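Undergrad: Handing over data_4.cif, mmCIF, C-alpha atoms.
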```cif
data_target
loop_
_atom_site.label_atom_id
_atom_site.label_comp_id
_atom_site.auth_asym_id
_atom_site.auth_seq_id
_atom_site.Cartn_x
_atom_site.Cartn_y
_atom_site.Cartn_z
CA MET G 29 18.88 8.48 -39.46
CA LYS G 30 21.46 10.62 -37.74
CA ASN G 31 22.53 9.62 -34.29
CA LEU G 32 25.62 11.44 -33.18
CA SER G 33 27.39 13.41 -30.58
CA PHE G 34 24.68 15.99 -30.69
CA LYS G 35 26.29 18.86 -28.87
CA LYS G 36 29.47 18.91 -30.94
CA ALA G 37 27.63 18.42 -34.21
CA PHE G 38 25.14 21.09 -33.29
CA LEU G 39 27.86 23.62 -32.67
CA THR G 40 29.76 22.68 -35.81
CA ALA G 41 26.72 22.74 -38.03
CA SER G 42 25.54 26.05 -36.73
CA THR G 43 28.92 27.67 -37.10
CA LEU G 44 29.13 26.43 -40.68
CA ALA G 45 25.63 27.64 -41.41
CA ILE G 46 26.44 31.07 -40.09
CA LEU G 47 29.55 31.18 -42.25
CA GLY G 48 27.43 30.69 -45.33
CA HIS G 49 27.64 26.94 -45.83
CA ALA G 50 24.05 26.28 -44.94
CA SER G 51 23.68 23.66 -47.65
CA LEU G 52 25.91 21.20 -45.80
CA THR G 53 24.23 18.07 -44.50
CA LEU G 54 24.64 19.08 -40.88
CA ALA G 55 22.90 22.43 -41.24
CA TYR G 56 20.29 22.43 -38.52
CA PRO G 57 17.13 24.51 -38.79
CA ASN G 58 17.90 28.14 -38.10
CA ALA G 59 16.57 31.61 -38.69
CA THR G 60 18.35 34.94 -38.93
CA VAL G 61 16.38 37.98 -37.84
CA LEU G 62 16.88 41.72 -37.30
CA MET G 63 15.11 42.72 -34.09
CA ASP G 64 14.24 46.30 -33.08
CA ALA G 65 15.32 47.64 -36.47
CA THR G 66 14.78 51.24 -35.38
CA GLY G 67 16.81 50.76 -32.21
CA THR G 68 14.12 52.32 -30.04
CA ASN G 69 12.22 49.41 -28.48
CA ALA G 70 13.77 47.88 -25.38
CA ASN G 71 10.70 45.62 -25.04
CA ALA G 72 11.03 44.14 -28.55
CA THR G 73 10.43 40.40 -28.50
CA ASP G 74 10.47 37.88 -31.34
CA LEU G 75 8.44 34.71 -31.01
CA GLY G 76 8.18 31.47 -32.96
CA GLN G 77 6.54 28.09 -32.57
CA VAL G 78 8.60 24.94 -33.07
CA ASN G 79 6.80 21.70 -33.78
CA CYS G 80 8.61 18.42 -33.15
CA ASP G 81 7.44 15.12 -34.57
CA ALA G 82 5.81 12.43 -32.43
CA SER G 83 9.03 10.61 -31.46
CA SER G 84 10.56 13.74 -29.95
CA ASP G 85 11.51 14.12 -26.31
CA ARG G 86 13.19 17.53 -26.28
CA LEU G 87 14.09 20.68 -28.16
CA TYR G 88 17.63 22.05 -28.30
CA ALA G 89 18.32 25.67 -29.21
CA MET G 90 20.91 28.41 -29.05
CA ILE G 91 21.25 32.03 -30.14
CA GLN G 92 24.06 34.08 -31.63
CA ASP G 93 24.08 37.88 -31.61
CA GLN G 94 25.89 39.05 -34.73
CA SER G 95 25.72 42.78 -33.96
CA ALA G 96 28.58 44.77 -32.49
CA PRO G 97 28.83 44.78 -28.69
CA VAL G 98 27.01 47.55 -26.83
CA PRO G 99 27.42 47.90 -23.04
CA GLY G 100 24.28 46.70 -21.23
CA LEU G 101 22.74 45.21 -24.37
CA LEU G 102 22.61 41.43 -24.35
CA LEU G 103 20.45 39.01 -26.30
CA SER G 104 18.70 36.03 -24.73
CA LEU G 105 16.80 33.02 -26.01
CA HIS G 106 13.94 31.34 -24.17
CA ILE G 107 12.34 27.95 -24.79
CA PHE G 108 9.01 27.27 -23.15
CA SER G 109 6.45 24.51 -23.31
CA GLY G 110 3.55 23.97 -20.96
CA ILE G 111 4.54 25.41 -17.59
CA HIS G 112 8.31 25.12 -18.05
CA MET G 113 10.83 27.55 -19.46
CA THR G 114 14.60 27.86 -19.79
CA THR G 115 16.93 30.64 -20.95
CA SER G 116 20.30 31.14 -22.61
CA THR G 117 22.20 34.36 -23.30
CA ASP G 118 24.95 35.18 -25.77
CA SER G 119 27.37 36.79 -23.34
CA ILE G 120 29.58 38.42 -26.02
CA SER G 121 27.85 40.03 -28.97
CA GLY G 122 29.46 40.00 -32.40
CA ASP G 123 32.01 37.26 -31.83
CA THR G 124 31.98 33.81 -33.41
CA ASN G 125 30.55 32.01 -30.41
CA PRO G 126 26.84 31.46 -29.83
CA SER G 127 25.16 31.20 -26.44
CA PRO G 128 25.35 27.92 -24.54
CA ILE G 129 22.97 25.30 -25.93
CA ILE G 130 19.83 24.83 -23.87
CA TYR G 131 17.11 22.22 -24.09
CA LEU G 132 13.67 21.58 -22.69
CA ASN G 133 12.01 18.19 -22.27
CA GLY G 134 8.52 18.83 -23.55
CA GLY G 135 7.89 15.74 -25.68
CA PRO G 136 6.55 16.54 -29.16
CA GLY G 137 5.64 20.04 -28.05
CA PRO G 138 4.61 22.45 -29.38
CA TYR G 139 7.46 24.57 -28.09
CA TYR G 140 7.78 28.32 -28.21
CA ILE G 141 11.12 30.05 -28.69
CA SER G 142 11.54 33.74 -28.09
CA ALA G 143 14.36 36.25 -28.34
CA THR G 144 14.58 39.19 -25.94
CA LYS G 145 17.19 41.80 -25.11
CA THR G 146 18.18 43.92 -22.16
CA ALA G 147 17.99 47.40 -23.73
CA ALA G 148 16.96 49.35 -26.81
CA GLY G 149 19.09 48.70 -29.89
CA ALA G 150 18.91 46.83 -33.17
CA ARG G 151 20.21 43.27 -33.02
CA LEU G 152 20.88 40.89 -35.89
CA PHE G 153 20.80 37.35 -34.55
CA THR G 154 20.60 33.73 -35.60
CA VAL G 155 18.66 31.18 -33.61
CA THR G 156 19.32 27.50 -34.27
CA PHE G 157 17.01 24.74 -33.04
CA GLN G 158 16.60 21.00 -33.35
CA CYS G 159 14.18 18.45 -31.94
CA ALA G 160 15.58 15.16 -30.66
CA SER G 161 14.48 11.89 -29.11
CA SER G 162 15.41 10.77 -25.59
CA ASN G 163 18.63 9.21 -26.94
CA ASN G 164 19.45 12.30 -29.01
CA THR G 165 18.42 10.93 -32.36
CA LEU G 166 17.44 13.93 -34.43
CA THR G 167 13.71 14.18 -35.09
CA GLY G 168 11.50 16.17 -37.40
CA THR G 169 11.59 19.89 -36.73
CA SER G 170 9.53 22.73 -38.18
CA VAL G 171 9.01 26.35 -37.19
CA ILE G 172 6.32 28.99 -37.61
CA GLY G 173 7.11 32.67 -37.09
CA ILE G 174 4.54 34.29 -34.79
CA GLN G 175 5.79 37.70 -33.74
CA GLY G 176 8.62 39.83 -35.13
CA GLN G 177 9.43 43.16 -33.51
CA MET W 16 25.00 27.34 8.75
CA ARG W 17 21.75 28.03 10.61
CA LYS W 18 22.88 31.59 11.30
CA PHE W 19 23.69 32.09 7.64
CA PHE W 20 20.31 30.76 6.59
CA LEU W 21 18.45 32.99 9.03
CA LYS W 22 20.45 36.00 7.90
CA ARG W 23 19.61 35.35 4.28
CA LEU W 24 15.95 34.72 5.08
CA LEU W 25 15.76 37.99 7.00
CA ALA W 26 17.40 39.86 4.12
CA THR W 27 14.93 38.35 1.69
CA LEU W 28 11.93 39.25 3.82
CA LEU W 29 13.17 42.79 4.30
CA PHE W 30 13.69 43.17 0.57
CA ILE W 31 10.22 41.90 -0.25
CA SER W 32 8.68 44.11 2.45
CA ALA W 33 10.52 47.14 1.16
CA PHE W 34 8.99 46.80 -2.25
CA THR W 35 5.49 45.85 -1.19
CA TYR W 36 5.15 48.56 1.46
CA GLY W 37 3.25 51.54 0.21
CA SER W 38 1.79 49.85 -2.82
CA ASN W 39 -1.94 49.93 -3.07
CA SER W 40 -4.03 46.93 -2.16
CA VAL W 41 -4.49 45.74 -5.73
CA ALA W 42 -0.82 45.67 -6.68
CA HIS W 43 0.70 42.20 -6.69
CA SER W 44 4.36 41.71 -5.92
CA VAL W 45 6.25 38.46 -6.07
CA GLY W 46 9.87 37.98 -5.10
CA ASN W 47 12.32 35.12 -5.19
CA LEU W 48 16.03 34.35 -5.04
CA LEU W 49 16.75 33.11 -8.57
CA ASP W 50 19.66 30.68 -8.98
CA ALA W 51 20.32 30.45 -5.25
CA GLY W 52 23.23 28.10 -5.88
CA ALA W 53 24.78 30.61 -8.29
CA ASN W 54 25.55 27.86 -10.77
CA ASN W 55 22.72 27.98 -13.31
CA ALA W 56 22.80 30.61 -16.04
CA SER W 57 19.59 29.17 -17.51
CA ALA W 58 17.59 29.49 -14.28
CA THR W 59 14.10 30.78 -15.05
CA ASP W 60 11.12 31.33 -12.76
CA VAL W 61 7.60 31.02 -14.18
CA TYR W 62 4.28 32.33 -12.86
CA GLN W 63 0.72 32.25 -14.15
CA ILE W 64 -1.21 35.49 -13.81
CA SER W 65 -4.99 35.26 -14.14
CA CYS W 66 -6.71 38.52 -15.11
CA PHE W 67 -10.47 38.65 -14.72
CA ASP W 68 -13.42 40.96 -14.30
CA ASP W 69 -14.00 41.32 -10.57
CA GLY W 70 -16.76 43.88 -11.01
CA GLY W 71 -14.74 46.77 -12.38
CA GLY W 72 -14.90 45.72 -15.99
CA PRO W 73 -12.92 43.37 -18.19
CA THR W 74 -9.14 43.39 -18.36
CA ALA W 75 -7.50 45.25 -21.22
CA TYR W 76 -3.86 44.42 -20.49
CA LEU W 77 -1.33 43.04 -18.04
CA PHE W 78 1.40 45.39 -16.76
CA ILE W 79 4.72 43.99 -15.47
CA GLN W 80 7.84 45.48 -13.93
CA ILE W 81 10.93 43.91 -12.35
CA GLN W 82 13.52 45.10 -9.85
CA ASP W 83 16.82 43.37 -9.19
CA GLY W 84 17.76 43.87 -5.53
CA SER W 85 21.16 42.22 -5.74
CA ILE W 86 24.43 44.08 -6.10
CA PRO W 87 25.55 44.83 -9.67
CA VAL W 88 27.68 42.24 -11.47
CA PRO W 89 29.02 43.03 -14.97
CA GLY W 90 27.09 41.10 -17.61
CA LEU W 91 24.44 39.91 -15.16
CA LEU W 92 21.02 41.51 -15.66
CA VAL W 93 17.53 40.35 -14.76
CA SER W 94 14.54 40.46 -17.12
CA ALA W 95 10.84 39.64 -16.96
CA GLN W 96 8.70 38.38 -19.82
CA ALA W 97 4.93 38.22 -20.26
CA TYR W 98 3.27 35.80 -22.69
CA PHE W 99 -0.40 35.38 -23.57
CA ASP W 100 -1.12 32.05 -25.19
CA GLN W 101 -4.59 32.75 -26.59
CA THR W 102 -3.26 35.33 -29.02
CA LYS W 103 0.41 34.29 -28.86
CA ILE W 104 1.93 37.66 -28.02
CA MET W 105 4.94 38.36 -25.80
CA THR W 106 6.89 41.25 -24.31
CA ASN W 107 9.94 41.74 -22.14
CA THR W 108 11.51 44.27 -19.77
CA SER W 109 14.92 44.39 -18.07
CA ASP W 110 16.28 46.19 -15.00
CA PRO W 111 19.35 47.98 -16.44
CA VAL W 112 20.94 48.78 -13.06
CA SER W 113 20.91 46.09 -10.39
CA GLY W 114 20.66 46.99 -6.73
CA ASP W 115 19.51 50.58 -7.08
CA ALA W 116 16.15 52.02 -6.08
CA ASN W 117 14.68 51.90 -9.57
CA ALA W 118 12.76 49.10 -11.20
CA SER W 119 12.76 48.34 -14.89
CA SER W 120 10.55 50.27 -17.23
CA GLY W 121 7.03 48.89 -17.35
CA ALA W 122 5.87 46.56 -20.09
CA GLN W 123 2.30 45.75 -20.98
CA LEU W 124 0.61 43.01 -22.95
CA SER W 125 -2.89 43.56 -24.29
CA GLY W 126 -4.52 40.15 -24.09
CA GLY W 127 -7.72 40.96 -22.22
CA ASN W 128 -9.10 38.60 -19.60
CA GLY W 129 -7.30 35.28 -19.34
CA LYS W 130 -4.19 33.52 -18.15
CA TYR W 131 -0.81 35.12 -18.81
CA ILE W 132 2.58 33.51 -18.28
CA VAL W 133 5.15 35.74 -16.59
CA SER W 134 8.76 34.55 -16.42
CA VAL W 135 11.96 35.87 -14.89
CA SER W 136 15.36 35.20 -16.44
CA LYS W 137 18.92 36.50 -16.25
CA THR W 138 21.90 36.85 -18.54
CA ALA W 139 24.58 34.88 -16.66
CA VAL W 140 25.32 32.65 -13.68
CA GLY W 141 24.67 34.28 -10.30
CA ALA W 142 22.06 34.49 -7.57
CA ARG W 143 19.60 37.34 -8.04
CA GLN W 144 17.02 38.57 -5.54
CA TYR W 145 14.24 40.04 -7.63
CA ASN W 146 10.79 41.47 -7.14
CA ILE W 147 8.19 41.63 -9.90
CA THR W 148 5.05 43.73 -9.83
CA VAL W 149 2.03 42.69 -11.87
CA HIS W 150 -1.23 44.56 -12.41
CA CYS W 151 -4.23 43.66 -14.54
CA TRP W 152 -5.80 46.84 -15.89
CA SER W 153 -9.09 47.73 -17.54
CA VAL W 154 -9.30 49.93 -20.61
CA ASN W 155 -10.34 52.92 -18.47
CA GLY W 156 -7.42 52.63 -16.07
CA GLY W 157 -8.99 50.66 -13.23
CA HIS W 158 -7.50 47.57 -11.65
CA THR W 159 -9.14 44.27 -12.50
CA GLY W 160 -9.01 40.93 -10.73
CA THR W 161 -5.48 39.47 -10.48
CA ASP W 162 -4.44 36.05 -9.23
CA VAL W 163 -0.83 34.84 -9.10
CA ASN W 164 0.12 31.17 -9.24
CA THR W 165 3.73 29.94 -9.08
CA LEU W 166 4.62 27.35 -11.74
CA GLN W 167 8.42 27.01 -11.66
CA LEU W 168 11.13 28.29 -9.33
CA GLN W 169 14.79 27.74 -10.13
#
```
Spit out the file's structure as structure tokens when you get a sec.

TA:
Amino acid sequence: MKNLSFKKAFLTASTLAILGHASLTLAYPNATVLMDATGTNANATDLGQVNCDASSDRLYAMIQDQSAPVPGLLLSLHIFSGIHMTTSTDSISGDTNPSPIIYLNGGPGPYYISATKTAAGARLFTVTFQCASSNNTLTGTSVIGIQGQ
Amino acid sequence: MRKFFLKRLLATLLFISAFTYGSNSVAHSVGNLLDAGANNASATDVYQISCFDDGGGPTAYLFIQIQDGSIPVPGLLVSAQAYFDQTKIMTNTSDPVSGDANASSGAQLSGGNGKYIVSVSKTAVGARQYNITVHCWSVNGGHTGTDVNTLQLQ
């Protein structure tokens, strides 16, 4: 069972995964998606459901926009569960840094994660997510894609 | 301190009044100062919108629009999302120019009658005074019953 400095490991693992070393032990669940492929839909929204196992207390997630920067076009990630929701935005598109990590305390969930953007334009992004217990022990995490636009 | 608070309250009320004046009686507007402490980039407000048949027919879709009334700040934009849990669909709209007279483009979510979740988020740290407009619409273009319930304010 992994019990570690979650934030640092999360960042490291995700960076490695994005660089193509996804088979490393610390590769956290992630998905890479092209949103608004035609570049015409400012309302495009991608949606997935994350299920955490019974010992879970929270879901961590972050998003990284891998497309070139476009003025006024930023990519955000939302986590929501029940009546609560939180948001994180990748402030600089196309660099090596993801958005700040966010988390939501929703117990085992289910949680919903969505990606939205502030204008029309195709965006290639990676979202990384991990369920954890109240003391940040990593817990079982699975995802189901619901809506891809 | 008291003077500052009253000044900000007055500004908020004037802003809300400005955007609700002139709207028809079935339009619903909700405003709030998001991230009042200007220290929470993740701040998100959440509302529940109930759409129902109030005699004019069943709801076909929920329409949302958002307007950021705060002065422009580079990299800081406000967005609104609508989510319908029964069919698990979601949409989003953003106000591309803060502080001007124009709201975001409209976005609609075709979930029919039921409870929608509408949220408001932003792209960076900074207080934002926003106003969202929500309408439940029937398939033939008439307004249907609309109730707004606040779930989370940050």

Undergrad: Kindly resolve the PyMOL selection byres ((chain W) within 12 of (chain G)) on the present coordinates and return the residues as a VMD selection string.

TA: chain W and resid 55 to 63 79 to 80 87 to 100 102 to 113 119 to 124 130 to 140 164 to 169

Undergrad: Suppose you want the space between atom CA of Gly135 of chain G and atom CA of Ile64 of chain W; what is it in Å?

TA: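 Atom CA of Ile64 of chain W lies at a distance of 24.8 Å from atom CA of Gly135 of chain G.
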
Undergrad: Once the PyMOL selection byres ((chain W and resi 53) around 9) has been applied to the shown file, what residues remain in the selection, as a short mmCIF file (atom, residue, chain, number, x, y, z; two decimals) with C-alpha atoms, keeping the file's coordinate frame?

TA:
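Full text of expr.cif as output:
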```cif
data_model
loop_
_atom_site.label_atom_id
_atom_site.label_comp_id
_atom_site.auth_asym_id
_atom_site.auth_seq_id
_atom_site.Cartn_x
_atom_site.Cartn_y
_atom_site.Cartn_z
CA LEU W 49 16.75 33.11 -8.57
CA ASP W 50 19.66 30.68 -8.98
CA ALA W 51 20.32 30.45 -5.25
CA GLY W 52 23.23 28.10 -5.88
CA ASN W 54 25.55 27.86 -10.77
CA ASN W 55 22.72 27.98 -13.31
CA ALA W 56 22.80 30.61 -16.04
CA VAL W 140 25.32 32.65 -13.68
CA GLY W 141 24.67 34.28 -10.30
CA ALA W 142 22.06 34.49 -7.57
CA ARG W 143 19.60 37.34 -8.04
#
```

Undergrad: Using atom CA of Thr156 of chain G and atom CA of Gln92 of chain G as the two end points, give the distance in Å to one decimal.

TA: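 Taking atom CA of Thr156 of chain G as the start and atom CA of Gln92 of chain G as the end point, the length is 8.5 Å.
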
Undergrad: Identify all residues satisfying the PyMOL selection byres ((chain G and resi 67) around 7) in the given file; provide them as an MDAnalysis selection string.

TA: chainID G and resid 64:66 68:69 148:150

Undergrad: Nearest to Val155 of chain G among G:Gly173, G:Pro57, G:Gly122, G:Gly134, with distances taken over only C-alpha atoms: which residue is it?

TA: G:Pro57

Undergrad: With distances taken over all atoms listed in the file, which of W:Leu77, W:Ser153, W:His158, W:Gln82 is nearest to Val45 of chain W?

TA: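 The answer is W:Gln82, which sits nearest to Val45 of chain W.
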
Undergrad: Please compute the atom CA of Ser109 of chain G-atom CA of Gly126 of chain W distance, one decimal, in Å.

TA: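 About the pair atom CA of Ser109 of chain G and atom CA of Gly126 of chain W: they are 19.1 Å apart.
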
Undergrad: With only C-alpha atoms as the basis for distance, which of G:Ala55, G:Leu87, G:Met63, G:Ala96 is at the shortest distance from Asn164 of chain G?

TA: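 The shortest atom-to-atom distance to Asn164 of chain G comes from G:Leu87.
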
Undergrad: Between W:Gly114, W:Phe78, W:Ser125, W:Ile147, which has the minimum distance to Gly46 of chain W (counting only C-alpha atoms)?

TA: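 Smallest separation from Gly46 of chain W among the options: W:Ile147.
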
Undergrad: Enumerate, as a ChimeraX atom specification, the protein, DNA and RNA residues whose atoms approach (14.9, 17.0, -32.9) to within 12 Å, taking into account only C-alpha atoms and the coordinate frame of the file.

TA: /G:29-31,34,38,56-57,78-89,131-137,139,156-171

Undergrad: Measuring between only C-alpha atoms, which one of G:Ile172, G:Asp123, G:Leu62, G:Ile107 shows the shortest distance to Phe153 of chain G?

TA: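 Smallest distance to Phe153 of chain G is found for G:Leu62.
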
Undergrad: Around all listed atoms of segment 157-171 of chain G, padded 5 Å per side, what centre and edge lengths does the axis-aligned box have in Å to one decimal, as JSON?

TA:
```
{"center_x": 14.2, "center_y": 17.8, "center_z": -31.9, "size_x": 20.4, "size_y": 27.1, "size_z": 22.6}
```

Undergrad: I'd like the contact shell of Leu152 of chain G - 6 Å cut-off, only C-alpha atoms, skipping same-chain residues fewer than 5 positions apart - returned as a list of chain:residue names.

TA: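 With the cut-off at 6 Å, the set is G:Val61, G:Leu62, G:Gln94, G:Ser95.
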